[in-house]
Amino acid sequence: MKFSILVNEGPYTHEASDTAYQFAKAVLAKGHEIFRIFFYHDGVNNATRLTTPPQDDRNIVSRWSKLAQENNLDLVVCVAAAQRRGIVDEGEMKRNGKDATNLAPGFRISGLGQLIEAGIQSDRLVVFGD
Amino acid sequence: MKFSILVNEGPYTHEASDTAYQFAKAVLAKGHEIFRIFFYHDGVNNATRLTTPPQDDRNIVSRWSKLAQENNLDLVVCVAAAQRRGIVDEGEMKRNGKDATNLAPGFRISGLGQLIEAGIQSDRLVVFGD
Amino acid sequence: MLHIVNKSPYDRPALNSVLATAEGGTILLIEDGVFAAVKGGAEEAKVKAAMAKFKFYALQSDLEARGMADRVIDGVTVTDYAGFVDLVAEHKTCQSWL
Amino acid sequence: MLHIVNKSPYDRPALNSVLATAEGGTILLIEDGVFAAVKGGAEEAKVKAAMAKFKFYALQSDLEARGMADRVIDGVTVTDYAGFVDLVAEHKTCQSWL
Amino acid sequence: MTTKKFMMVNRKAPYGTIYAWEALEVVLIAAAFEQDVSLAFLDDGVYQLKKGHNTKAIETKAFEKTWGALEDYDITKLYVAQESLAERGLTADDLAVPVEVLSRAEIGKLMEEQDVILSF
Amino acid sequence: MTTKKFMMVNRKAPYGTIYAWEALEVVLIAAAFEQDVSLAFLDDGVYQLKKGHNTKAIETKAFEKTWGALEDYDITKLYVAQESLAERGLTADDLAVPVEVLSRAEIGKLMEEQDVILSF
């Protein structure tokens with residue numbers, strides 16, 4: 001079965017991001033496909049490579065990057081939500097005249113249409129948020 | 001009278017950051033002093049210069065920077081909360097082996113002790129959060 | 001003490017918690033907390049009863065944003081940010097019931 | 001439908017909202033929602049009564065984290081993430097009551 | 001393109017948090033994808049529809065104009081829970097746009113007919 | 001250094017959000033500054049003190065050890081609302097550390113004596 005996941009909260013602040021990650025792992029372990037994981041609202045903050053969590057704590061951002069790399073997942077960050085919150089890739093940096101990027105490996109920035117497409121193309125869309 | 005302000009939520013997501021800003025302006029307009037504005041929890045996300053809000057919307061980050069500059073305010077971002085969430089200045093970039101910074105002008109990163117000091121030194125400490 | 005409440009009384013127990021904890025004092029309703037200052041809802045009776053022990057204020061800009069400035073419960077004082085600052089200054093401590 | 005509730009019943013109206021809206025179905029309690037699955041509290045009676053119309057599940061890891069795995073209300077099925085995935089797969093739609 | 005039934009469930013008050021606003025952005029995109037979109041307003045979500053929002057002093061954008069524009073996007077299915085309105089002392093006359101006021105149970109039945117439910 | 005009476009008011013459940021954990025970091029710093037620190041637990045905040053937290057599966061750090069360490073920082077004033085415990089089916093025996101169980105009204109009186117109240 002084809003799943004998509006929507007993550008609406010940032011890392012550490014709300015458990016939603018942890019729950020979504022554990023759920024995604026379980027979906028894959030069950031042999032299902034993940035069509036897309038979409039990050040919206042503060043969920044876009046899962047995609048900054050500038051975090052440095054305490055050494056004895058989980059690294060939520062790199063955990064997502066690794067999961068994406070190992071399973072060829074499509075992690076999409078909403079561009080409008082990312083602009084409001086300062087999540088930037090090369091293209092956004094140039095377009096908006098910024099002087100740095102912070103997008104972590106394995107994520108890409110795109111439009112909200114990618115969320116609707118995920119809803120259309122997937123058998124199930126599960127929302128994690130506050 | 002000497003005020004300090006604690007901001008616990010990020011920009012746009014929760015009204016707390018707006019309310020804190022309007023309150024700070026009103027404190028200054030009344031002729032009071034602001035000893036410090038401390039950013040904790042997701043409040044540290046007020047301090048990223050990488051945001052690009054829609055053109056017809058307020059720019060929360062640059063609004064803080066401007067207020068600080070014009071009134072010589074001390075805007076302090078908690079270092080532990082900033083590390084969890086990816087808010088980085090030059091020193092943090094070097095210390096944690098990061099490849100970019102995103103701290104906006106007028107903010108500085110420091111320890112939680114600065115919040116306690118604000119509580120000790122100020123006549124009033126007002127908390128804005130979720 | 002000045003109690004600052006920023007949560008809707010229909011969504012969170014913040015206001016209930018103040019009323020059940022503090023003997024009296026001043027309650028300032030801000031952000032979504034201003035819904036407690038609005039006439040006609042199920043929470044109105046509770047706020048009116050609490051007026052015996054608490055003085056209620058509500059922030060004008062948050063009432064206006066929500067289209068509620070014209071239906072504030074009698075006895076709730078509408079104030080602006082300057083008044084908010086004065087309330088904080090007048091009370092020895094303030095507590096935000098987050 | 002699968003209703004996913006991640007809010008404490010003592011802090012938010014999410015569970016009440018499900019019970020007042022859906023005719024029946026399955027309710028999965030996760031995150032702070034698992035407090036609704038715990039014996040002995042003021043919300044227990046409501047959950048027990050709702051069992052006539054709803055099948056209740058609670059996420060084991062969230063119960064364990066909160067020290068509540070040993071006091072789950074009889075009739076609530078404790079499940080892990082694999083079970084969570086199965087529940088989503090078995091129901092045509094799911095709704096997270098945020 | 002495949003057309004699915006999308007319902008956006010709004011249970012949060014406006015302005016206190018951004019969820020309501022960003023939910024509306026999803027609604028407009030779903031309409032642009034020519035999906036069968038409906039909106040449900042329950043609990044504090046009904047406050048989003050209150051007429052007369054004046055957000056000048058809090059410096060954020062108000063909803064009212066966008067509600068009015070939904071019809072241009074062929075979004076006409078706005079369902080509002082009667083119980084939630086009544087609990088807050090509101091009636092359909094207090095709302096900025098025409099809506100269908102239904103009981104929670106009726107909205108619950110409509111939820112069962114959806115393919116995708118997005119909640120904010 | 002000036003000593004002030006700081007009270008940290010905890011009303012949120014642990015793990016669902018980070019507030020409780022980051023509040024604890026403030027408590028430890030306040031103690032390092034030799035302030036007169038007390039903690040109040042109301043509403044869902046009482047869940048923070050429940051004994052037997054096992055966070056291995058959710059991969060976050062548990063509170064229990066830190067509560068035990070508070071005494072080393074001379075933090076001994078932990079006030080827990082009786083009504084909040086009872087509402088959740090808990091008693092003082094369910095808690096990971098010794099606390100003073102007080103009525104809400106008694107905690108309300110202690111709040112009045114504080115210089116600074118931080119809420120999370």
# chains A, B, ... in the order shown; residues from 1 in each chain; ligands from 1
>>> select_by_dssp(residues="segment 23-92 of chain D", states="strand (DSSP E)", output="ChimeraX atom specification")
/D:25-29,54-59,77-79
>>> interface_residues(of="chain D", to="chain C", cutoff="7 Å", atoms="only C-alpha atoms", output="short mmCIF file (atom, residue, chain, number, x, y, z; two decimals) with N, CA and C atoms, in the first residue's frame")
data_model
loop_
_atom_site.label_atom_id
_atom_site.label_comp_id
_atom_site.auth_asym_id
_atom_site.auth_seq_id
_atom_site.Cartn_x
_atom_site.Cartn_y
_atom_site.Cartn_z
N ASP D 11 -6.51 18.35 28.98
CA ASP D 11 -5.97 19.62 28.52
C ASP D 11 -6.67 20.16 27.28
N ARG D 12 -7.26 19.27 26.47
CA ARG D 12 -7.84 19.72 25.20
C ARG D 12 -9.13 18.98 24.91
N PRO D 13 -10.00 19.59 24.12
CA PRO D 13 -11.28 18.94 23.82
C PRO D 13 -11.22 17.95 22.65
#
>>> residues_around(residues="Leu63 of chain D", least_positions_apart="2", cutoff="10 Å", atoms="only C-alpha atoms", output="list in words")
Leu29, Ile30, Glu31, Asp32, Gly33, Val34, Phe35, Ala37, Val38, Ala58, Leu59, Gln60, Ser61, Ala65, Arg66, Gly67, Met68, Ala69, Asp70, Arg71, Val72 and Val78 of chain D; His53, Asn54 and Thr55 of chain F
>>> write_last_selection(atoms="N, CA, C and O atoms", output="mmCIF file, in the first residue's frame")
data_model
loop_
_atom_site.group_PDB
_atom_site.id
_atom_site.type_symbol
_atom_site.label_atom_id
_atom_site.label_comp_id
_atom_site.auth_asym_id
_atom_site.auth_seq_id
_atom_site.Cartn_x
_atom_site.Cartn_y
_atom_site.Cartn_z
ATOM 1 N N LEU D 29 -5.051 6.295 20.462
ATOM 2 C CA LEU D 29 -4.499 7.315 21.358
ATOM 3 C C LEU D 29 -2.976 7.279 21.265
ATOM 4 O O LEU D 29 -2.359 6.232 21.514
ATOM 5 N N ILE D 30 -2.378 8.416 20.897
ATOM 6 C CA ILE D 30 -0.916 8.501 20.811
ATOM 7 C C ILE D 30 -0.433 9.743 21.566
ATOM 8 O O ILE D 30 -1.239 10.575 21.968
ATOM 9 N N GLU D 31 0.887 9.842 21.734
ATOM 10 C CA GLU D 31 1.491 11.003 22.406
ATOM 11 C C GLU D 31 0.734 11.295 23.709
ATOM 12 O O GLU D 31 0.420 10.371 24.466
ATOM 13 N N ASP D 32 0.424 12.570 23.994
ATOM 14 C CA ASP D 32 -0.285 12.885 25.236
ATOM 15 C C ASP D 32 -1.723 12.364 25.232
ATOM 16 O O ASP D 32 -2.393 12.369 26.275
ATOM 17 N N GLY D 33 -2.178 11.899 24.098
ATOM 18 C CA GLY D 33 -3.505 11.299 24.025
ATOM 19 C C GLY D 33 -3.632 10.038 24.859
ATOM 20 O O GLY D 33 -4.747 9.663 25.259
ATOM 21 N N VAL D 34 -2.511 9.368 25.137
ATOM 22 C CA VAL D 34 -2.588 8.106 25.887
ATOM 23 C C VAL D 34 -3.090 8.300 27.315
ATOM 24 O O VAL D 34 -3.514 7.329 27.950
ATOM 25 N N PHE D 35 -3.052 9.545 27.828
ATOM 26 C CA PHE D 35 -3.588 9.742 29.177
ATOM 27 C C PHE D 35 -5.077 9.377 29.249
ATOM 28 O O PHE D 35 -5.585 9.086 30.330
ATOM 29 N N ALA D 37 -6.229 6.734 28.120
ATOM 30 C CA ALA D 37 -6.279 5.273 28.251
ATOM 31 C C ALA D 37 -5.952 4.802 29.667
ATOM 32 O O ALA D 37 -5.910 3.601 29.929
ATOM 33 N N VAL D 38 -5.733 5.760 30.572
ATOM 34 C CA VAL D 38 -5.247 5.412 31.913
ATOM 35 C C VAL D 38 -6.399 5.315 32.917
ATOM 36 O O VAL D 38 -7.274 6.165 32.966
ATOM 37 N N ALA D 58 -4.175 2.189 22.158
ATOM 38 C CA ALA D 58 -3.232 3.181 22.685
ATOM 39 C C ALA D 58 -1.821 2.726 22.331
ATOM 40 O O ALA D 58 -1.517 1.527 22.338
ATOM 41 N N LEU D 59 -0.961 3.696 22.039
ATOM 42 C CA LEU D 59 0.388 3.386 21.564
ATOM 43 C C LEU D 59 1.305 3.049 22.752
ATOM 44 O O LEU D 59 1.493 3.864 23.661
ATOM 45 N N GLN D 60 1.867 1.854 22.671
ATOM 46 C CA GLN D 60 2.654 1.330 23.787
ATOM 47 C C GLN D 60 3.823 2.231 24.177
ATOM 48 O O GLN D 60 4.046 2.511 25.353
ATOM 49 N N SER D 61 4.594 2.698 23.193
ATOM 50 C CA SER D 61 5.789 3.481 23.514
ATOM 51 C C SER D 61 5.432 4.778 24.240
ATOM 52 O O SER D 61 6.177 5.226 25.120
ATOM 53 N N ALA D 65 6.616 5.672 28.018
ATOM 54 C CA ALA D 65 7.364 6.908 28.278
ATOM 55 C C ALA D 65 6.780 7.633 29.482
ATOM 56 O O ALA D 65 7.506 8.182 30.306
ATOM 57 N N ARG D 66 5.446 7.600 29.583
ATOM 58 C CA ARG D 66 4.760 8.340 30.646
ATOM 59 C C ARG D 66 4.532 7.496 31.905
ATOM 60 O O ARG D 66 3.831 7.917 32.821
ATOM 61 N N GLY D 67 5.104 6.312 31.931
ATOM 62 C CA GLY D 67 4.972 5.473 33.124
ATOM 63 C C GLY D 67 3.575 4.946 33.347
ATOM 64 O O GLY D 67 3.144 4.738 34.486
ATOM 65 N N MET D 68 2.825 4.734 32.274
ATOM 66 C CA MET D 68 1.416 4.363 32.404
ATOM 67 C C MET D 68 1.092 3.003 31.790
ATOM 68 O O MET D 68 -0.085 2.631 31.739
ATOM 69 N N ALA D 69 2.116 2.271 31.330
ATOM 70 C CA ALA D 69 1.843 1.014 30.615
ATOM 71 C C ALA D 69 1.140 -0.015 31.490
ATOM 72 O O ALA D 69 0.451 -0.903 30.979
ATOM 73 N N ASP D 70 1.285 0.086 32.811
ATOM 74 C CA ASP D 70 0.707 -0.919 33.704
ATOM 75 C C ASP D 70 -0.653 -0.525 34.269
ATOM 76 O O ASP D 70 -1.173 -1.184 35.165
ATOM 77 N N ARG D 71 -1.226 0.541 33.758
ATOM 78 C CA ARG D 71 -2.551 0.931 34.293
ATOM 79 C C ARG D 71 -3.500 1.359 33.184
ATOM 80 O O ARG D 71 -4.197 2.371 33.280
ATOM 81 N N VAL D 72 -3.520 0.527 32.155
ATOM 82 C CA VAL D 72 -4.395 0.821 31.021
ATOM 83 C C VAL D 72 -5.806 0.287 31.296
ATOM 84 O O VAL D 72 -5.972 -0.819 31.827
ATOM 85 N N VAL D 78 -3.474 -2.230 23.630
ATOM 86 C CA VAL D 78 -2.171 -1.584 23.516
ATOM 87 C C VAL D 78 -1.493 -2.094 22.246
ATOM 88 O O VAL D 78 -1.488 -3.297 21.977
ATOM 89 N N HIS F 53 8.826 6.365 34.305
ATOM 90 C CA HIS F 53 8.923 6.761 32.892
ATOM 91 C C HIS F 53 9.955 5.886 32.193
ATOM 92 O O HIS F 53 11.069 5.732 32.690
ATOM 93 N N ASN F 54 9.577 5.307 31.065
ATOM 94 C CA ASN F 54 10.534 4.529 30.275
ATOM 95 C C ASN F 54 10.496 5.037 28.838
ATOM 96 O O ASN F 54 9.618 4.680 28.058
ATOM 97 N N THR F 55 11.465 5.878 28.534
ATOM 98 C CA THR F 55 11.432 6.598 27.253
ATOM 99 C C THR F 55 12.311 5.951 26.187
ATOM 100 O O THR F 55 12.585 6.571 25.155
#
>>> atom_distance(atom1="atom CA of Thr48 of chain B", atom2="atom CA of Leu75 of chain A")
22.5 Å
>>> residues_around(residues="Asn10 of chain F", least_positions_apart="5", cutoff="7 Å", atoms="only C-alpha atoms", output="JSON, numbers by chain")
{"F": [20, 40, 41, 42, 45, 119, 120]}
>>> write_last_selection(atoms="N, CA, C and O atoms", output="short mmCIF file (atom, residue, chain, number, x, y, z; two decimals), in the first residue's frame")
data_model
loop_
_atom_site.label_atom_id
_atom_site.label_comp_id
_atom_site.auth_asym_id
_atom_site.auth_seq_id
_atom_site.Cartn_x
_atom_site.Cartn_y
_atom_site.Cartn_z
N ALA F 20 8.36 21.02 29.33
CA ALA F 20 8.70 20.51 30.66
C ALA F 20 10.21 20.31 30.78
O ALA F 20 10.82 20.65 31.79
N ALA F 40 6.11 24.54 41.07
CA ALA F 40 4.70 24.18 41.27
C ALA F 40 4.24 23.33 40.09
O ALA F 40 4.58 23.61 38.95
N PHE F 41 3.50 22.28 40.41
CA PHE F 41 2.97 21.38 39.37
C PHE F 41 1.45 21.40 39.45
O PHE F 41 0.87 21.02 40.47
N LEU F 42 0.85 21.84 38.37
CA LEU F 42 -0.61 21.92 38.31
C LEU F 42 -1.08 21.25 37.02
O LEU F 42 -0.32 21.14 36.06
N GLY F 45 0.77 19.14 34.34
CA GLY F 45 2.15 19.21 34.81
C GLY F 45 2.49 18.13 35.83
O GLY F 45 3.65 17.72 35.95
N SER F 119 6.57 30.53 33.69
CA SER F 119 5.61 29.47 33.39
C SER F 119 5.97 28.83 32.07
O SER F 119 6.42 29.50 31.15
N PHE F 120 5.77 27.53 32.03
CA PHE F 120 6.17 26.76 30.85
C PHE F 120 5.06 25.81 30.44
O PHE F 120 4.22 25.48 31.25
#
>>> atom_distance(atom1="atom CA of Ser122 of chain A", atom2="atom CA of Arg36 of chain A")
8.6 Å
>>> interface_residues(of="chain F", to="chain B", cutoff="8 Å", atoms="only C-alpha atoms", output="MDAnalysis selection string")
chainID F and resid 2:4 18:19 22 26 29:30 33 116 118:120
>>> write_last_selection(atoms="all heavy atoms", output="compact mmCIF listing (two decimals), in the first residue's frame")
# COMPACT_ATOMS: atom_id res chain seq x y z
N THR F 2 21.97 39.40 44.61
CA THR F 2 20.59 39.48 45.10
C THR F 2 19.94 38.11 45.02
O THR F 2 20.12 37.39 44.04
CB THR F 2 19.76 40.43 44.20
OG1 THR F 2 20.53 41.59 43.95
CG2 THR F 2 18.44 40.78 44.85
N THR F 3 19.20 37.75 46.05
CA THR F 3 18.42 36.51 45.97
C THR F 3 16.95 36.86 45.84
O THR F 3 16.42 37.66 46.63
CB THR F 3 18.64 35.66 47.23
OG1 THR F 3 20.02 35.31 47.32
CG2 THR F 3 17.80 34.40 47.17
N LYS F 4 16.34 36.30 44.83
CA LYS F 4 14.91 36.51 44.65
C LYS F 4 14.19 35.18 44.74
O LYS F 4 14.78 34.12 44.56
CB LYS F 4 14.63 37.16 43.30
CG LYS F 4 14.88 38.66 43.24
CD LYS F 4 14.29 39.25 41.96
CE LYS F 4 14.41 40.78 41.95
NZ LYS F 4 13.81 41.35 40.71
N ILE F 18 8.25 19.82 24.48
CA ILE F 18 9.54 19.93 25.14
C ILE F 18 9.52 20.91 26.33
O ILE F 18 10.49 21.01 27.07
CB ILE F 18 10.63 20.39 24.14
CG1 ILE F 18 12.03 20.01 24.65
CG2 ILE F 18 10.54 21.88 23.87
CD1 ILE F 18 13.15 20.31 23.68
N TYR F 19 8.39 21.60 26.53
CA TYR F 19 8.37 22.66 27.55
C TYR F 19 8.84 22.17 28.91
O TYR F 19 9.61 22.83 29.60
CB TYR F 19 6.98 23.28 27.65
CG TYR F 19 6.54 23.91 26.35
CD1 TYR F 19 5.61 23.27 25.53
CD2 TYR F 19 7.07 25.11 25.91
CE1 TYR F 19 5.22 23.83 24.32
CE2 TYR F 19 6.70 25.67 24.70
CZ TYR F 19 5.77 25.02 23.91
OH TYR F 19 5.40 25.57 22.72
N GLU F 22 12.70 21.71 28.94
CA GLU F 22 13.47 22.96 28.91
C GLU F 22 13.21 23.80 30.16
O GLU F 22 14.06 24.58 30.58
CB GLU F 22 13.20 23.72 27.60
CG GLU F 22 13.83 22.98 26.40
CD GLU F 22 13.87 23.76 25.08
OE1 GLU F 22 12.96 24.56 24.84
OE2 GLU F 22 14.80 23.54 24.30
N VAL F 26 15.97 25.48 33.09
CA VAL F 26 15.92 26.80 33.73
C VAL F 26 16.02 26.65 35.24
O VAL F 26 16.70 27.43 35.92
CB VAL F 26 14.61 27.54 33.35
CG1 VAL F 26 14.52 28.87 34.11
CG2 VAL F 26 14.53 27.78 31.86
N ILE F 29 19.62 26.14 36.30
CA ILE F 29 20.41 27.38 36.19
C ILE F 29 20.05 28.35 37.32
O ILE F 29 20.93 28.98 37.91
CB ILE F 29 20.16 28.06 34.82
CG1 ILE F 29 20.61 27.16 33.67
CG2 ILE F 29 20.84 29.42 34.77
CD1 ILE F 29 22.09 27.10 33.45
N ALA F 30 18.76 28.44 37.61
CA ALA F 30 18.33 29.34 38.69
C ALA F 30 18.98 28.93 40.01
O ALA F 30 19.40 29.77 40.82
CB ALA F 30 16.81 29.35 38.81
N PHE F 33 22.51 29.98 40.21
CA PHE F 33 22.59 31.40 40.56
C PHE F 33 22.19 31.65 42.02
O PHE F 33 22.02 32.78 42.44
CB PHE F 33 21.69 32.23 39.63
CG PHE F 33 22.36 32.66 38.36
CD1 PHE F 33 22.70 31.74 37.38
CD2 PHE F 33 22.66 34.01 38.13
CE1 PHE F 33 23.33 32.14 36.19
CE2 PHE F 33 23.27 34.41 36.96
CZ PHE F 33 23.60 33.48 35.99
N VAL F 116 9.44 36.40 41.09
CA VAL F 116 9.42 36.11 39.65
C VAL F 116 8.70 34.78 39.43
O VAL F 116 9.03 33.79 40.09
CB VAL F 116 10.85 36.01 39.07
CG1 VAL F 116 10.79 35.73 37.56
CG2 VAL F 116 11.66 37.26 39.34
N LEU F 118 7.95 32.06 36.48
CA LEU F 118 8.20 31.62 35.11
C LEU F 118 7.27 30.46 34.82
O LEU F 118 7.19 29.50 35.59
CB LEU F 118 9.66 31.19 34.95
CG LEU F 118 10.67 32.34 34.98
CD1 LEU F 118 12.09 31.80 35.07
CD2 LEU F 118 10.53 33.20 33.72
N SER F 119 6.57 30.53 33.69
CA SER F 119 5.61 29.47 33.39
C SER F 119 5.97 28.83 32.07
O SER F 119 6.42 29.50 31.15
CB SER F 119 4.21 30.07 33.34
OG SER F 119 4.26 31.36 32.76
N PHE F 120 5.77 27.53 32.03
CA PHE F 120 6.17 26.76 30.85
C PHE F 120 5.06 25.81 30.44
O PHE F 120 4.22 25.48 31.25
CB PHE F 120 7.45 25.97 31.14
CG PHE F 120 8.61 26.85 31.50
CD1 PHE F 120 8.94 27.07 32.81
CD2 PHE F 120 9.33 27.49 30.51
CE1 PHE F 120 10.00 27.90 33.14
CE2 PHE F 120 10.38 28.32 30.84
CZ PHE F 120 10.72 28.53 32.16
>>> residues_around(residues="Ala29 of chain B", least_positions_apart="5", cutoff="12 Å", atoms="only C-alpha atoms", output="mmCIF file with N, CA and C atoms, in the first residue's frame")
data_model
loop_
_atom_site.group_PDB
_atom_site.id
_atom_site.type_symbol
_atom_site.label_atom_id
_atom_site.label_comp_id
_atom_site.auth_asym_id
_atom_site.auth_seq_id
_atom_site.Cartn_x
_atom_site.Cartn_y
_atom_site.Cartn_z
ATOM 1 N N GLN B 22 4.750 43.969 20.415
ATOM 2 C CA GLN B 22 3.877 45.127 20.688
ATOM 3 C C GLN B 22 4.020 45.581 22.133
ATOM 4 N N PHE B 23 4.175 44.604 23.028
ATOM 5 C CA PHE B 23 4.333 44.940 24.441
ATOM 6 C C PHE B 23 5.657 45.684 24.655
ATOM 7 N N ALA B 24 6.723 45.212 24.021
ATOM 8 C CA ALA B 24 8.036 45.858 24.169
ATOM 9 C C ALA B 24 7.972 47.314 23.685
ATOM 10 N N ILE B 34 13.964 48.611 29.117
ATOM 11 C CA ILE B 34 13.952 47.151 28.901
ATOM 12 C C ILE B 34 15.358 46.628 29.150
ATOM 13 N N LEU B 67 13.997 47.247 16.200
ATOM 14 C CA LEU B 67 13.656 47.723 17.545
ATOM 15 C C LEU B 67 14.896 47.716 18.436
ATOM 16 N N ASN B 71 16.734 51.181 19.895
ATOM 17 C CA ASN B 71 16.583 51.401 21.340
ATOM 18 C C ASN B 71 17.696 50.758 22.149
ATOM 19 N N TYR C 81 -2.216 48.336 24.599
ATOM 20 C CA TYR C 81 -0.908 47.909 25.073
ATOM 21 C C TYR C 81 -0.341 48.828 26.162
ATOM 22 N N ALA C 82 -0.646 50.127 26.064
ATOM 23 C CA ALA C 82 -0.188 51.044 27.117
ATOM 24 C C ALA C 82 -0.810 50.637 28.456
ATOM 25 N N GLY C 83 -2.091 50.261 28.406
ATOM 26 C CA GLY C 83 -2.760 49.800 29.616
ATOM 27 C C GLY C 83 -2.186 48.478 30.110
ATOM 28 N N VAL C 85 0.923 47.558 29.804
ATOM 29 C CA VAL C 85 2.172 47.910 30.500
ATOM 30 C C VAL C 85 1.862 48.445 31.897
ATOM 31 N N ASP C 86 0.860 49.294 32.000
ATOM 32 C CA ASP C 86 0.491 49.842 33.311
ATOM 33 C C ASP C 86 0.067 48.730 34.268
#
>>> residues_around(residues="Asn96 of chain A", least_positions_apart="3", cutoff="10 Å", atoms="only C-alpha atoms", output="list of chain:residue names")
A:Gln83, A:Val88, A:Gly91, A:Glu92, A:Met93, A:Asp99, B:Leu50, B:Thr51, B:Thr52
>>> interface_residues(of="chain C", to="chain F", cutoff="6 Å", atoms="only C-alpha atoms", output="VMD selection string")
chain C and resid 21 to 22 95
>>> write_last_selection(atoms="N, CA, C and O atoms", output="compact mmCIF listing (two decimals), in the first residue's frame")
# COMPACT_ATOMS: atom_id res chain seq x y z
N THR C 21 -7.14 28.50 41.50
CA THR C 21 -5.88 28.59 42.24
C THR C 21 -5.73 29.91 43.00
O THR C 21 -5.36 29.92 44.17
N ALA C 22 -6.00 31.00 42.32
CA ALA C 22 -5.78 32.32 42.93
C ALA C 22 -6.99 32.75 43.75
O ALA C 22 -8.13 32.47 43.38
N GLN C 95 1.88 36.60 36.15
CA GLN C 95 2.05 35.21 35.78
C GLN C 95 1.28 34.93 34.49
O GLN C 95 0.09 35.20 34.41
>>> closest_residue(among="A:Val61, A:Ala118, A:Ala16, A:Ala68", to="chain B", atoms="only C-alpha atoms")
A:Val61
>>> closest_residue(among="B:Val79, B:Phe35, B:Ser17, B:Val27", to="Arg95 of chain B", atoms="only C-alpha atoms")
B:Val79
>>> select_by_dssp(residues="segment 4-84 of chain D", states="helix (DSSP H, G or I)", output="PyMOL selection string")
chain D and resi 14-21+31-37+44-50+60-65+81-84
>>> residues_around(residues="Tyr79 of chain E", least_positions_apart="3", cutoff="7 Å", atoms="only C-alpha atoms", output="number ranges by chain")
E: 39-41, 99-102
>>> closest_residue(among="C:Ile27, C:Val76, C:Asp62, C:Lys39", to="chain B", atoms="only C-alpha atoms")
C:Asp62
>>> atom_distance(atom1="atom CA of Lys51 of chain E", atom2="atom CA of Ala92 of chain E")
10.1 Å
